[in-house]
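Participant: Sharing work-v7.txt, compact mmCIF, N, CA and C atoms:
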# COMPACT_ATOMS: atom_id res chain seq x y z
N THR O 6 8.43 16.03 -4.67
CA THR O 6 9.12 15.85 -3.40
C THR O 6 9.00 14.39 -2.96
N ALA O 7 9.79 14.04 -1.96
CA ALA O 7 9.77 12.66 -1.47
C ALA O 7 8.42 12.30 -0.88
N GLY O 8 7.81 13.25 -0.19
CA GLY O 8 6.50 12.99 0.41
C GLY O 8 5.45 12.71 -0.64
N GLU O 9 5.49 13.43 -1.75
CA GLU O 9 4.53 13.20 -2.83
C GLU O 9 4.74 11.83 -3.46
N GLY O 10 6.01 11.43 -3.64
CA GLY O 10 6.31 10.11 -4.20
C GLY O 10 5.79 9.01 -3.30
N SER O 11 5.92 9.21 -1.99
CA SER O 11 5.42 8.25 -1.02
C SER O 11 3.90 8.16 -1.08
N HIS O 12 3.26 9.31 -1.21
CA HIS O 12 1.79 9.33 -1.32
C HIS O 12 1.34 8.65 -2.60
N ASP O 13 2.04 8.94 -3.70
CA ASP O 13 1.72 8.33 -4.99
C ASP O 13 1.81 6.81 -4.93
N ILE O 14 2.88 6.30 -4.32
CA ILE O 14 3.07 4.85 -4.29
C ILE O 14 2.03 4.19 -3.40
N GLU O 15 1.65 4.84 -2.32
CA GLU O 15 0.62 4.27 -1.45
C GLU O 15 -0.73 4.23 -2.17
N THR O 16 -1.02 5.27 -2.94
CA THR O 16 -2.26 5.29 -3.72
C THR O 16 -2.24 4.17 -4.76
N LEU O 17 -1.11 3.99 -5.41
CA LEU O 17 -0.98 2.92 -6.40
C LEU O 17 -1.09 1.54 -5.74
N ARG O 18 -0.52 1.38 -4.55
CA ARG O 18 -0.63 0.10 -3.84
C ARG O 18 -2.09 -0.23 -3.55
N LEU O 19 -2.83 0.76 -3.09
CA LEU O 19 -4.26 0.55 -2.81
C LEU O 19 -5.01 0.17 -4.08
N ALA O 20 -4.74 0.89 -5.15
CA ALA O 20 -5.40 0.59 -6.43
C ALA O 20 -5.03 -0.81 -6.92
N TYR O 21 -3.76 -1.15 -6.76
CA TYR O 21 -3.30 -2.48 -7.20
C TYR O 21 -3.99 -3.58 -6.41
N ARG O 22 -4.16 -3.39 -5.11
CA ARG O 22 -4.85 -4.40 -4.29
C ARG O 22 -6.28 -4.62 -4.78
N GLU O 23 -6.90 -3.57 -5.27
CA GLU O 23 -8.27 -3.67 -5.78
C GLU O 23 -8.32 -4.28 -7.18
N ARG O 24 -7.32 -3.98 -8.00
CA ARG O 24 -7.34 -4.43 -9.41
C ARG O 24 -5.96 -4.96 -9.83
N PRO O 25 -5.53 -6.09 -9.28
CA PRO O 25 -4.17 -6.59 -9.53
C PRO O 25 -3.92 -7.09 -10.96
N THR O 26 -4.96 -7.19 -11.76
CA THR O 26 -4.76 -7.67 -13.13
C THR O 26 -5.03 -6.58 -14.17
N GLU O 27 -5.22 -5.36 -13.74
CA GLU O 27 -5.43 -4.24 -14.66
C GLU O 27 -4.07 -3.86 -15.26
N PRO O 28 -3.86 -4.14 -16.55
CA PRO O 28 -2.52 -3.97 -17.13
C PRO O 28 -1.97 -2.54 -17.09
N ASN O 29 -2.80 -1.55 -17.33
CA ASN O 29 -2.30 -0.17 -17.28
C ASN O 29 -1.87 0.19 -15.87
N LEU O 30 -2.64 -0.21 -14.89
CA LEU O 30 -2.30 0.04 -13.49
C LEU O 30 -1.01 -0.68 -13.11
N VAL O 31 -0.89 -1.94 -13.50
CA VAL O 31 0.32 -2.71 -13.19
C VAL O 31 1.54 -2.04 -13.80
N THR O 32 1.43 -1.58 -15.03
CA THR O 32 2.55 -0.92 -15.70
C THR O 32 2.98 0.34 -14.95
N VAL O 33 2.04 1.19 -14.61
CA VAL O 33 2.35 2.43 -13.89
C VAL O 33 2.92 2.11 -12.51
N TYR O 34 2.33 1.15 -11.83
CA TYR O 34 2.77 0.75 -10.50
C TYR O 34 4.22 0.25 -10.54
N VAL O 35 4.52 -0.62 -11.48
CA VAL O 35 5.88 -1.15 -11.61
C VAL O 35 6.87 -0.02 -11.89
N GLU O 36 6.53 0.88 -12.79
CA GLU O 36 7.43 2.00 -13.09
C GLU O 36 7.70 2.83 -11.85
N HIS O 37 6.67 3.12 -11.07
CA HIS O 37 6.84 3.90 -9.85
C HIS O 37 7.69 3.15 -8.82
N LEU O 38 7.44 1.86 -8.67
CA LEU O 38 8.23 1.07 -7.73
C LEU O 38 9.71 1.11 -8.10
N LEU O 39 10.00 0.97 -9.38
CA LEU O 39 11.39 0.98 -9.82
C LEU O 39 12.04 2.34 -9.63
N LYS O 40 11.28 3.40 -9.86
CA LYS O 40 11.83 4.76 -9.64
C LYS O 40 12.17 4.99 -8.18
N LEU O 41 11.47 4.29 -7.28
CA LEU O 41 11.73 4.41 -5.84
C LEU O 41 12.69 3.32 -5.35
N ASP O 42 13.33 2.61 -6.29
CA ASP O 42 14.28 1.54 -5.98
C ASP O 42 13.65 0.39 -5.20
N LEU O 43 12.39 0.14 -5.41
CA LEU O 43 11.68 -0.97 -4.78
C LEU O 43 11.63 -2.14 -5.77
N HIS O 44 12.81 -2.61 -6.13
CA HIS O 44 12.96 -3.60 -7.20
C HIS O 44 12.30 -4.94 -6.87
N THR O 45 12.47 -5.42 -5.66
CA THR O 45 11.89 -6.71 -5.28
C THR O 45 10.37 -6.66 -5.37
N GLU O 46 9.78 -5.59 -4.87
CA GLU O 46 8.33 -5.46 -4.94
C GLU O 46 7.86 -5.36 -6.39
N ALA O 47 8.59 -4.62 -7.20
CA ALA O 47 8.23 -4.49 -8.62
C ALA O 47 8.24 -5.86 -9.30
N LEU O 48 9.25 -6.65 -9.04
CA LEU O 48 9.35 -7.97 -9.66
C LEU O 48 8.26 -8.90 -9.15
N GLN O 49 7.87 -8.76 -7.89
CA GLN O 49 6.77 -9.56 -7.34
C GLN O 49 5.46 -9.22 -8.06
N VAL O 50 5.24 -7.94 -8.30
CA VAL O 50 4.03 -7.51 -9.01
C VAL O 50 4.02 -8.10 -10.43
N VAL O 51 5.18 -8.06 -11.09
CA VAL O 51 5.28 -8.62 -12.44
C VAL O 51 5.02 -10.12 -12.42
N ASP O 52 5.59 -10.82 -11.46
CA ASP O 52 5.37 -12.26 -11.35
C ASP O 52 3.89 -12.57 -11.15
N GLU O 53 3.24 -11.84 -10.26
CA GLU O 53 1.81 -12.05 -10.00
C GLU O 53 0.99 -11.79 -11.25
N PHE O 54 1.34 -10.74 -11.98
CA PHE O 54 0.62 -10.42 -13.21
C PHE O 54 0.82 -11.52 -14.26
N GLU O 55 2.05 -11.99 -14.40
CA GLU O 55 2.32 -13.06 -15.36
C GLU O 55 1.52 -14.32 -15.01
N HIS O 56 1.45 -14.66 -13.74
CA HIS O 56 0.67 -15.82 -13.31
C HIS O 56 -0.82 -15.62 -13.60
N ALA O 57 -1.31 -14.41 -13.37
CA ALA O 57 -2.73 -14.13 -13.64
C ALA O 57 -3.03 -14.26 -15.13
N VAL O 58 -2.13 -13.75 -15.97
CA VAL O 58 -2.30 -13.89 -17.42
C VAL O 58 -2.30 -15.37 -17.80
N GLY O 59 -1.39 -16.14 -17.21
CA GLY O 59 -1.33 -17.57 -17.48
C GLY O 59 -2.60 -18.30 -17.09
N ARG O 60 -3.19 -17.90 -15.96
CA ARG O 60 -4.43 -18.54 -15.51
C ARG O 60 -5.58 -18.28 -16.48
N VAL O 61 -5.76 -17.02 -16.89
CA VAL O 61 -6.88 -16.73 -17.79
C VAL O 61 -6.63 -17.31 -19.18
N LEU O 62 -5.38 -17.42 -19.57
CA LEU O 62 -5.04 -18.06 -20.84
C LEU O 62 -5.38 -19.55 -20.77
N LYS O 63 -4.98 -20.19 -19.68
CA LYS O 63 -5.26 -21.62 -19.48
C LYS O 63 -6.76 -21.88 -19.42
N ASP O 64 -7.50 -20.98 -18.79
CA ASP O 64 -8.96 -21.14 -18.67
C ASP O 64 -9.71 -20.79 -19.95
N GLY O 65 -9.00 -20.36 -20.98
CA GLY O 65 -9.63 -20.04 -22.25
C GLY O 65 -10.33 -18.69 -22.27
N LEU O 66 -10.03 -17.85 -21.29
CA LEU O 66 -10.66 -16.53 -21.23
C LEU O 66 -9.86 -15.47 -21.99
N LEU O 67 -8.69 -15.87 -22.48
CA LEU O 67 -7.81 -14.97 -23.20
C LEU O 67 -7.11 -15.79 -24.27
N GLU O 68 -6.96 -15.20 -25.43
CA GLU O 68 -6.25 -15.88 -26.52
C GLU O 68 -4.76 -15.56 -26.45
N ASN O 69 -3.97 -16.35 -27.15
CA ASN O 69 -2.51 -16.15 -27.16
C ASN O 69 -2.12 -14.72 -27.53
N ARG O 70 -2.78 -14.17 -28.51
CA ARG O 70 -2.44 -12.83 -28.98
C ARG O 70 -2.64 -11.79 -27.88
N GLY O 71 -3.75 -11.88 -27.16
CA GLY O 71 -4.01 -10.95 -26.07
C GLY O 71 -3.03 -11.11 -24.94
N ALA O 72 -2.72 -12.36 -24.58
CA ALA O 72 -1.75 -12.63 -23.51
C ALA O 72 -0.38 -12.08 -23.91
N SER O 73 -0.01 -12.27 -25.15
CA SER O 73 1.27 -11.77 -25.66
C SER O 73 1.34 -10.25 -25.52
N SER O 74 0.29 -9.59 -25.91
CA SER O 74 0.26 -8.12 -25.81
C SER O 74 0.39 -7.63 -24.38
N LEU O 75 -0.32 -8.29 -23.47
CA LEU O 75 -0.27 -7.90 -22.06
C LEU O 75 1.12 -8.11 -21.48
N LEU O 76 1.74 -9.23 -21.79
CA LEU O 76 3.07 -9.51 -21.26
C LEU O 76 4.12 -8.53 -21.78
N SER O 77 4.03 -8.21 -23.07
CA SER O 77 5.02 -7.27 -23.63
C SER O 77 4.80 -5.86 -23.10
N MET O 78 3.56 -5.52 -22.81
CA MET O 78 3.27 -4.20 -22.25
C MET O 78 3.90 -4.05 -20.86
N VAL O 79 3.76 -5.06 -20.04
CA VAL O 79 4.35 -5.00 -18.69
C VAL O 79 5.88 -5.11 -18.77
N ALA O 80 6.37 -5.90 -19.71
CA ALA O 80 7.83 -6.01 -19.88
C ALA O 80 8.44 -4.65 -20.21
N TYR O 81 7.74 -3.89 -21.00
CA TYR O 81 8.25 -2.56 -21.37
C TYR O 81 8.46 -1.68 -20.14
N ALA O 82 7.58 -1.80 -19.16
CA ALA O 82 7.70 -0.99 -17.93
C ALA O 82 9.00 -1.31 -17.19
N LEU O 83 9.50 -2.53 -17.34
CA LEU O 83 10.73 -2.92 -16.65
C LEU O 83 11.97 -2.30 -17.27
N THR O 84 11.86 -1.82 -18.48
CA THR O 84 13.03 -1.29 -19.18
C THR O 84 12.82 0.16 -19.61
N SER O 85 11.99 0.87 -18.90
CA SER O 85 11.71 2.26 -19.22
C SER O 85 13.00 3.05 -19.33
N SER O 86 13.10 3.89 -20.33
CA SER O 86 14.32 4.69 -20.54
C SER O 86 14.50 5.75 -19.45
N SER O 87 13.49 5.99 -18.63
CA SER O 87 13.62 6.97 -17.56
C SER O 87 14.30 6.38 -16.33
N LEU O 88 14.58 5.08 -16.35
CA LEU O 88 15.23 4.43 -15.21
C LEU O 88 16.73 4.33 -15.44
N GLU O 89 17.49 4.50 -14.36
CA GLU O 89 18.93 4.31 -14.45
C GLU O 89 19.22 2.82 -14.53
N ARG O 90 20.25 2.48 -15.25
CA ARG O 90 20.61 1.07 -15.43
C ARG O 90 22.03 0.85 -14.94
N HIS O 91 22.28 -0.34 -14.42
CA HIS O 91 23.63 -0.74 -14.06
C HIS O 91 23.77 -2.24 -14.26
N ARG O 92 25.00 -2.69 -14.40
CA ARG O 92 25.26 -4.11 -14.65
C ARG O 92 24.70 -4.96 -13.52
N GLY O 93 24.18 -6.11 -13.86
CA GLY O 93 23.68 -7.05 -12.88
C GLY O 93 22.24 -6.80 -12.47
N GLN O 94 21.62 -5.79 -13.06
CA GLN O 94 20.24 -5.50 -12.70
C GLN O 94 19.33 -6.57 -13.28
N ILE O 95 18.34 -6.99 -12.52
CA ILE O 95 17.49 -8.12 -12.92
C ILE O 95 16.34 -7.70 -13.83
N GLU O 96 15.89 -6.46 -13.77
CA GLU O 96 14.72 -6.06 -14.55
C GLU O 96 14.87 -6.28 -16.05
N PRO O 97 16.00 -5.91 -16.66
CA PRO O 97 16.12 -6.18 -18.11
C PRO O 97 16.04 -7.66 -18.44
N LEU O 98 16.61 -8.51 -17.59
CA LEU O 98 16.52 -9.95 -17.81
C LEU O 98 15.08 -10.42 -17.69
N ARG O 99 14.36 -9.91 -16.71
CA ARG O 99 12.95 -10.29 -16.51
C ARG O 99 12.12 -9.82 -17.70
N ALA O 100 12.41 -8.62 -18.21
CA ALA O 100 11.72 -8.11 -19.39
C ALA O 100 12.01 -9.00 -20.59
N GLN O 101 13.26 -9.45 -20.71
CA GLN O 101 13.63 -10.35 -21.80
C GLN O 101 12.84 -11.65 -21.71
N GLN O 102 12.67 -12.18 -20.51
CA GLN O 102 11.89 -13.41 -20.32
C GLN O 102 10.43 -13.20 -20.72
N LEU O 103 9.85 -12.08 -20.30
CA LEU O 103 8.45 -11.79 -20.64
C LEU O 103 8.28 -11.60 -22.14
N ASN O 104 9.21 -10.88 -22.76
CA ASN O 104 9.11 -10.66 -24.20
C ASN O 104 9.33 -11.96 -24.98
N SER O 105 10.21 -12.83 -24.49
CA SER O 105 10.39 -14.14 -25.14
C SER O 105 9.10 -14.94 -25.10
N LYS O 106 8.46 -14.93 -23.95
CA LYS O 106 7.19 -15.63 -23.80
C LYS O 106 6.14 -15.01 -24.71
N ALA O 107 6.12 -13.69 -24.78
CA ALA O 107 5.16 -13.00 -25.63
C ALA O 107 5.36 -13.37 -27.10
N VAL O 108 6.61 -13.46 -27.54
CA VAL O 108 6.90 -13.84 -28.94
C VAL O 108 6.49 -15.28 -29.19
N ARG O 109 6.71 -16.17 -28.22
CA ARG O 109 6.28 -17.57 -28.39
C ARG O 109 4.75 -17.66 -28.51
N LEU O 110 4.05 -16.84 -27.72
CA LEU O 110 2.59 -16.86 -27.77
C LEU O 110 2.05 -16.27 -29.07
N ASP O 111 2.74 -15.22 -29.56
CA ASP O 111 2.28 -14.56 -30.79
C ASP O 111 3.50 -14.04 -31.56
N PRO O 112 3.98 -14.82 -32.52
CA PRO O 112 5.15 -14.41 -33.29
C PRO O 112 4.95 -13.11 -34.08
N THR O 113 3.71 -12.65 -34.22
CA THR O 113 3.46 -11.39 -34.95
C THR O 113 3.44 -10.18 -34.01
N ASN O 114 3.75 -10.36 -32.75
CA ASN O 114 3.80 -9.24 -31.81
C ASN O 114 5.14 -8.51 -31.99
N TRP O 115 5.12 -7.51 -32.86
CA TRP O 115 6.35 -6.81 -33.19
C TRP O 115 6.86 -5.93 -32.06
N SER O 116 6.00 -5.50 -31.19
CA SER O 116 6.47 -4.76 -30.02
C SER O 116 7.39 -5.65 -29.18
N ALA O 117 6.94 -6.86 -28.91
CA ALA O 117 7.76 -7.81 -28.14
C ALA O 117 9.02 -8.19 -28.91
N ARG O 118 8.89 -8.42 -30.21
CA ARG O 118 10.04 -8.81 -31.03
C ARG O 118 11.11 -7.72 -31.03
N ILE O 119 10.68 -6.48 -31.22
CA ILE O 119 11.64 -5.36 -31.28
C ILE O 119 12.30 -5.16 -29.92
N ASN O 120 11.50 -5.21 -28.84
CA ASN O 120 12.09 -5.03 -27.51
C ASN O 120 13.02 -6.19 -27.15
N LEU O 121 12.66 -7.39 -27.55
CA LEU O 121 13.52 -8.54 -27.30
C LEU O 121 14.81 -8.42 -28.12
N ALA O 122 14.69 -8.04 -29.37
CA ALA O 122 15.87 -7.84 -30.21
C ALA O 122 16.78 -6.76 -29.60
N HIS O 123 16.18 -5.70 -29.12
CA HIS O 123 16.95 -4.63 -28.48
C HIS O 123 17.73 -5.18 -27.28
N SER O 124 17.07 -6.02 -26.50
CA SER O 124 17.76 -6.57 -25.32
C SER O 124 18.93 -7.46 -25.75
N PHE O 125 18.76 -8.20 -26.85
CA PHE O 125 19.87 -9.01 -27.35
C PHE O 125 21.02 -8.12 -27.82
N CYS O 126 20.69 -7.03 -28.49
CA CYS O 126 21.74 -6.09 -28.93
C CYS O 126 22.47 -5.48 -27.74
N MET O 127 21.73 -5.14 -26.69
CA MET O 127 22.35 -4.58 -25.49
C MET O 127 23.28 -5.59 -24.83
N ASP O 128 23.00 -6.87 -25.01
CA ASP O 128 23.85 -7.94 -24.48
C ASP O 128 24.95 -8.34 -25.47
N ALA O 129 25.06 -7.58 -26.57
CA ALA O 129 26.03 -7.84 -27.64
C ALA O 129 25.80 -9.19 -28.31
N ASN O 130 24.56 -9.65 -28.31
CA ASN O 130 24.21 -10.89 -28.98
C ASN O 130 23.53 -10.52 -30.31
N PHE O 131 24.36 -10.05 -31.23
CA PHE O 131 23.84 -9.49 -32.48
C PHE O 131 23.24 -10.55 -33.39
N LYS O 132 23.72 -11.77 -33.31
CA LYS O 132 23.18 -12.85 -34.13
C LYS O 132 21.72 -13.09 -33.77
N LYS O 133 21.42 -13.20 -32.45
CA LYS O 133 20.03 -13.40 -32.02
C LYS O 133 19.17 -12.19 -32.39
N CYS O 134 19.75 -11.01 -32.25
CA CYS O 134 19.02 -9.78 -32.56
C CYS O 134 18.57 -9.78 -34.02
N VAL O 135 19.50 -10.02 -34.94
CA VAL O 135 19.20 -10.00 -36.36
C VAL O 135 18.23 -11.12 -36.73
N LYS O 136 18.45 -12.30 -36.15
CA LYS O 136 17.57 -13.45 -36.43
C LYS O 136 16.13 -13.13 -36.04
N LEU O 137 15.97 -12.53 -34.88
CA LEU O 137 14.62 -12.20 -34.39
C LEU O 137 13.94 -11.17 -35.29
N LEU O 138 14.69 -10.19 -35.75
CA LEU O 138 14.10 -9.13 -36.57
C LEU O 138 13.88 -9.57 -38.02
N SER O 139 14.63 -10.54 -38.47
CA SER O 139 14.48 -10.97 -39.87
C SER O 139 13.47 -12.10 -40.03
N GLY O 140 13.08 -12.72 -38.96
CA GLY O 140 12.21 -13.87 -39.12
C GLY O 140 10.95 -13.73 -38.40
Output the structure of this file as structure tokens.

Facilitator:
Amino acid sequence: TAGEGSHDIETLRLAYRERPTEPNLVTVYVEHLLKLDLHTEALQVVDEFEHAVGRVLKDGLLENRGASSLLSMVAYALTSSSLERHRGQIEPLRAQQLNSKAVRLDPTNWSARINLAHSFCMDANFKKCVKLLSG
């Protein structure tokens, strides 16, 4: 019901305030925000998470491979197949940006590569899609 969804999102907001860099929590929170059409808030959470990953990477507390995995994990939440899609939506583009960054950080991150290639195919950019999967 709507009341339960509201309760769920408030619980997730509280948890997020306590642990804003917990990747599993961020992923679930973003998915819930998008299901409730709270797109701006979802993108703000993703931006904050990306900045946090960048800070720990810069400080040497995380290696490129780990940062790449975290970014692609959160990017996946933006393109969940359970969400309705329409032209002009920003989440797939934001996921593409995160996955591109993840591939630059770790070219062996096949989760990011496959999701990025999929986004290129969805944009009818088959040349980029094939290039990414073949190299």

Participant: Report, in Å to a single decimal, how far apart atom N of O:Leu76 and atom CA of O:Asn29 are.

Facilitator: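 One can read the atom CA of O:Asn29 to atom N of O:Leu76 distance as 10.9 Å.
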
Participant: Give me, as a CSV table (one decimal) with N, CA and C atoms, in the frame of the given file, the residues of stretch 32-93 of chain O that a backbone DSSP run labels alpha helix (DSSP H).

Facilitator:
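As a result, states.csv now contains:
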chain,number,residue,atom,x,y,z
O,32,THR,N,1.4,-1.6,-15.0
O,32,THR,CA,2.6,-0.9,-15.7
O,32,THR,C,3.0,0.3,-15.0
O,33,VAL,N,2.0,1.2,-14.6
O,33,VAL,CA,2.4,2.4,-13.9
O,33,VAL,C,2.9,2.1,-12.5
O,34,TYR,N,2.3,1.2,-11.8
O,34,TYR,CA,2.8,0.8,-10.5
O,34,TYR,C,4.2,0.2,-10.5
O,35,VAL,N,4.5,-0.6,-11.5
O,35,VAL,CA,5.9,-1.2,-11.6
O,35,VAL,C,6.9,0.0,-11.9
O,36,GLU,N,6.5,0.9,-12.8
O,36,GLU,CA,7.4,2.0,-13.1
O,36,GLU,C,7.7,2.8,-11.8
O,37,HIS,N,6.7,3.1,-11.1
O,37,HIS,CA,6.8,3.9,-9.8
O,37,HIS,C,7.7,3.2,-8.8
O,38,LEU,N,7.4,1.9,-8.7
O,38,LEU,CA,8.2,1.1,-7.7
O,38,LEU,C,9.7,1.1,-8.1
O,39,LEU,N,10.0,1.0,-9.4
O,39,LEU,CA,11.4,1.0,-9.8
O,39,LEU,C,12.0,2.3,-9.6
O,40,LYS,N,11.3,3.4,-9.9
O,40,LYS,CA,11.8,4.8,-9.6
O,40,LYS,C,12.2,5.0,-8.2
O,44,HIS,N,12.8,-2.6,-6.1
O,44,HIS,CA,13.0,-3.6,-7.2
O,44,HIS,C,12.3,-4.9,-6.9
O,45,THR,N,12.5,-5.4,-5.7
O,45,THR,CA,11.9,-6.7,-5.3
O,45,THR,C,10.4,-6.7,-5.4
O,46,GLU,N,9.8,-5.6,-4.9
O,46,GLU,CA,8.3,-5.5,-4.9
O,46,GLU,C,7.9,-5.4,-6.4
O,47,ALA,N,8.6,-4.6,-7.2
O,47,ALA,CA,8.2,-4.5,-8.6
O,47,ALA,C,8.2,-5.9,-9.3
O,48,LEU,N,9.2,-6.6,-9.0
O,48,LEU,CA,9.4,-8.0,-9.7
O,48,LEU,C,8.3,-8.9,-9.2
O,49,GLN,N,7.9,-8.8,-7.9
O,49,GLN,CA,6.8,-9.6,-7.3
O,49,GLN,C,5.5,-9.2,-8.1
O,50,VAL,N,5.2,-7.9,-8.3
O,50,VAL,CA,4.0,-7.5,-9.0
O,50,VAL,C,4.0,-8.1,-10.4
O,51,VAL,N,5.2,-8.1,-11.1
O,51,VAL,CA,5.3,-8.6,-12.4
O,51,VAL,C,5.0,-10.1,-12.4
O,52,ASP,N,5.6,-10.8,-11.5
O,52,ASP,CA,5.4,-12.3,-11.4
O,52,ASP,C,3.9,-12.6,-11.2
O,53,GLU,N,3.2,-11.8,-10.3
O,53,GLU,CA,1.8,-12.0,-10.0
O,53,GLU,C,1.0,-11.8,-11.2
O,54,PHE,N,1.3,-10.7,-12.0
O,54,PHE,CA,0.6,-10.4,-13.2
O,54,PHE,C,0.8,-11.5,-14.3
O,55,GLU,N,2.0,-12.0,-14.4
O,55,GLU,CA,2.3,-13.1,-15.4
O,55,GLU,C,1.5,-14.3,-15.0
O,56,HIS,N,1.4,-14.7,-13.7
O,56,HIS,CA,0.7,-15.8,-13.3
O,56,HIS,C,-0.8,-15.6,-13.6
O,57,ALA,N,-1.3,-14.4,-13.4
O,57,ALA,CA,-2.7,-14.1,-13.6
O,57,ALA,C,-3.0,-14.3,-15.1
O,58,VAL,N,-2.1,-13.8,-16.0
O,58,VAL,CA,-2.3,-13.9,-17.4
O,58,VAL,C,-2.3,-15.4,-17.8
O,59,GLY,N,-1.4,-16.1,-17.2
O,59,GLY,CA,-1.3,-17.6,-17.5
O,59,GLY,C,-2.6,-18.3,-17.1
O,60,ARG,N,-3.2,-17.9,-16.0
O,60,ARG,CA,-4.4,-18.5,-15.5
O,60,ARG,C,-5.6,-18.3,-16.5
O,61,VAL,N,-5.8,-17.0,-16.9
O,61,VAL,CA,-6.9,-16.7,-17.8
O,61,VAL,C,-6.6,-17.3,-19.2
O,62,LEU,N,-5.4,-17.4,-19.6
O,62,LEU,CA,-5.0,-18.1,-20.8
O,62,LEU,C,-5.4,-19.6,-20.8
O,63,LYS,N,-5.0,-20.2,-19.7
O,63,LYS,CA,-5.3,-21.6,-19.5
O,63,LYS,C,-6.8,-21.9,-19.4
O,69,ASN,N,-4.0,-16.4,-27.2
O,69,ASN,CA,-2.5,-16.2,-27.2
O,69,ASN,C,-2.1,-14.7,-27.5
O,70,ARG,N,-2.8,-14.2,-28.5
O,70,ARG,CA,-2.4,-12.8,-29.0
O,70,ARG,C,-2.6,-11.8,-27.9
O,71,GLY,N,-3.8,-11.9,-27.2
O,71,GLY,CA,-4.0,-11.0,-26.1
O,71,GLY,C,-3.0,-11.1,-24.9
O,72,ALA,N,-2.7,-12.4,-24.6
O,72,ALA,CA,-1.8,-12.6,-23.5
O,72,ALA,C,-0.4,-12.1,-23.9
O,73,SER,N,0.0,-12.3,-25.2
O,73,SER,CA,1.3,-11.8,-25.7
O,73,SER,C,1.3,-10.2,-25.5
O,74,SER,N,0.3,-9.6,-25.9
O,74,SER,CA,0.3,-8.1,-25.8
O,74,SER,C,0.4,-7.6,-24.4
O,75,LEU,N,-0.3,-8.3,-23.5
O,75,LEU,CA,-0.3,-7.9,-22.1
O,75,LEU,C,1.1,-8.1,-21.5
O,76,LEU,N,1.7,-9.2,-21.8
O,76,LEU,CA,3.1,-9.5,-21.3
O,76,LEU,C,4.1,-8.5,-21.8
O,77,SER,N,4.0,-8.2,-23.1
O,77,SER,CA,5.0,-7.3,-23.6
O,77,SER,C,4.8,-5.9,-23.1
O,78,MET,N,3.6,-5.5,-22.8
O,78,MET,CA,3.3,-4.2,-22.2
O,78,MET,C,3.9,-4.0,-20.9
O,79,VAL,N,3.8,-5.1,-20.0
O,79,VAL,CA,4.4,-5.0,-18.7
O,79,VAL,C,5.9,-5.1,-18.8
O,80,ALA,N,6.4,-5.9,-19.7
O,80,ALA,CA,7.8,-6.0,-19.9
O,80,ALA,C,8.4,-4.6,-20.2
O,81,TYR,N,7.7,-3.9,-21.0
O,81,TYR,CA,8.2,-2.6,-21.4
O,81,TYR,C,8.5,-1.7,-20.1
O,82,ALA,N,7.6,-1.8,-19.2
O,82,ALA,CA,7.7,-1.0,-17.9
O,82,ALA,C,9.0,-1.3,-17.2
O,83,LEU,N,9.5,-2.5,-17.3
O,83,LEU,CA,10.7,-2.9,-16.6
O,83,LEU,C,12.0,-2.3,-17.3

Participant: Calculate how many Å separate atom N of O:Arg60 from atom C of O:Arg118, rounding to one decimal.

Facilitator: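 One can read the atom N of O:Arg60 to atom C of O:Arg118 distance as 23.1 Å.
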
Participant: So what do you get for atom N of O:Leu83 versus atom CA of O:Asp13, distance-wise?

Facilitator: 18.2 Å

Participant: Smallest atom-to-atom distance to O:Ser116: which of O:Val33, O:Ala20, O:Val51, O:Met78, using all atoms listed in the file?

Facilitator: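 Closest to O:Ser116 of all the choices is O:Met78.
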
Participant: Which protein, DNA or RNA residues are at most 7 Å from (18.1, -8.7, -32.6) in the file's coordinates when you count only N, CA and C atoms, listed as JSON, numbers by chain?

Facilitator: {"O": [121, 122, 123, 124, 125, 126, 130, 131, 132, 133, 134, 135, 136, 137, 138]}
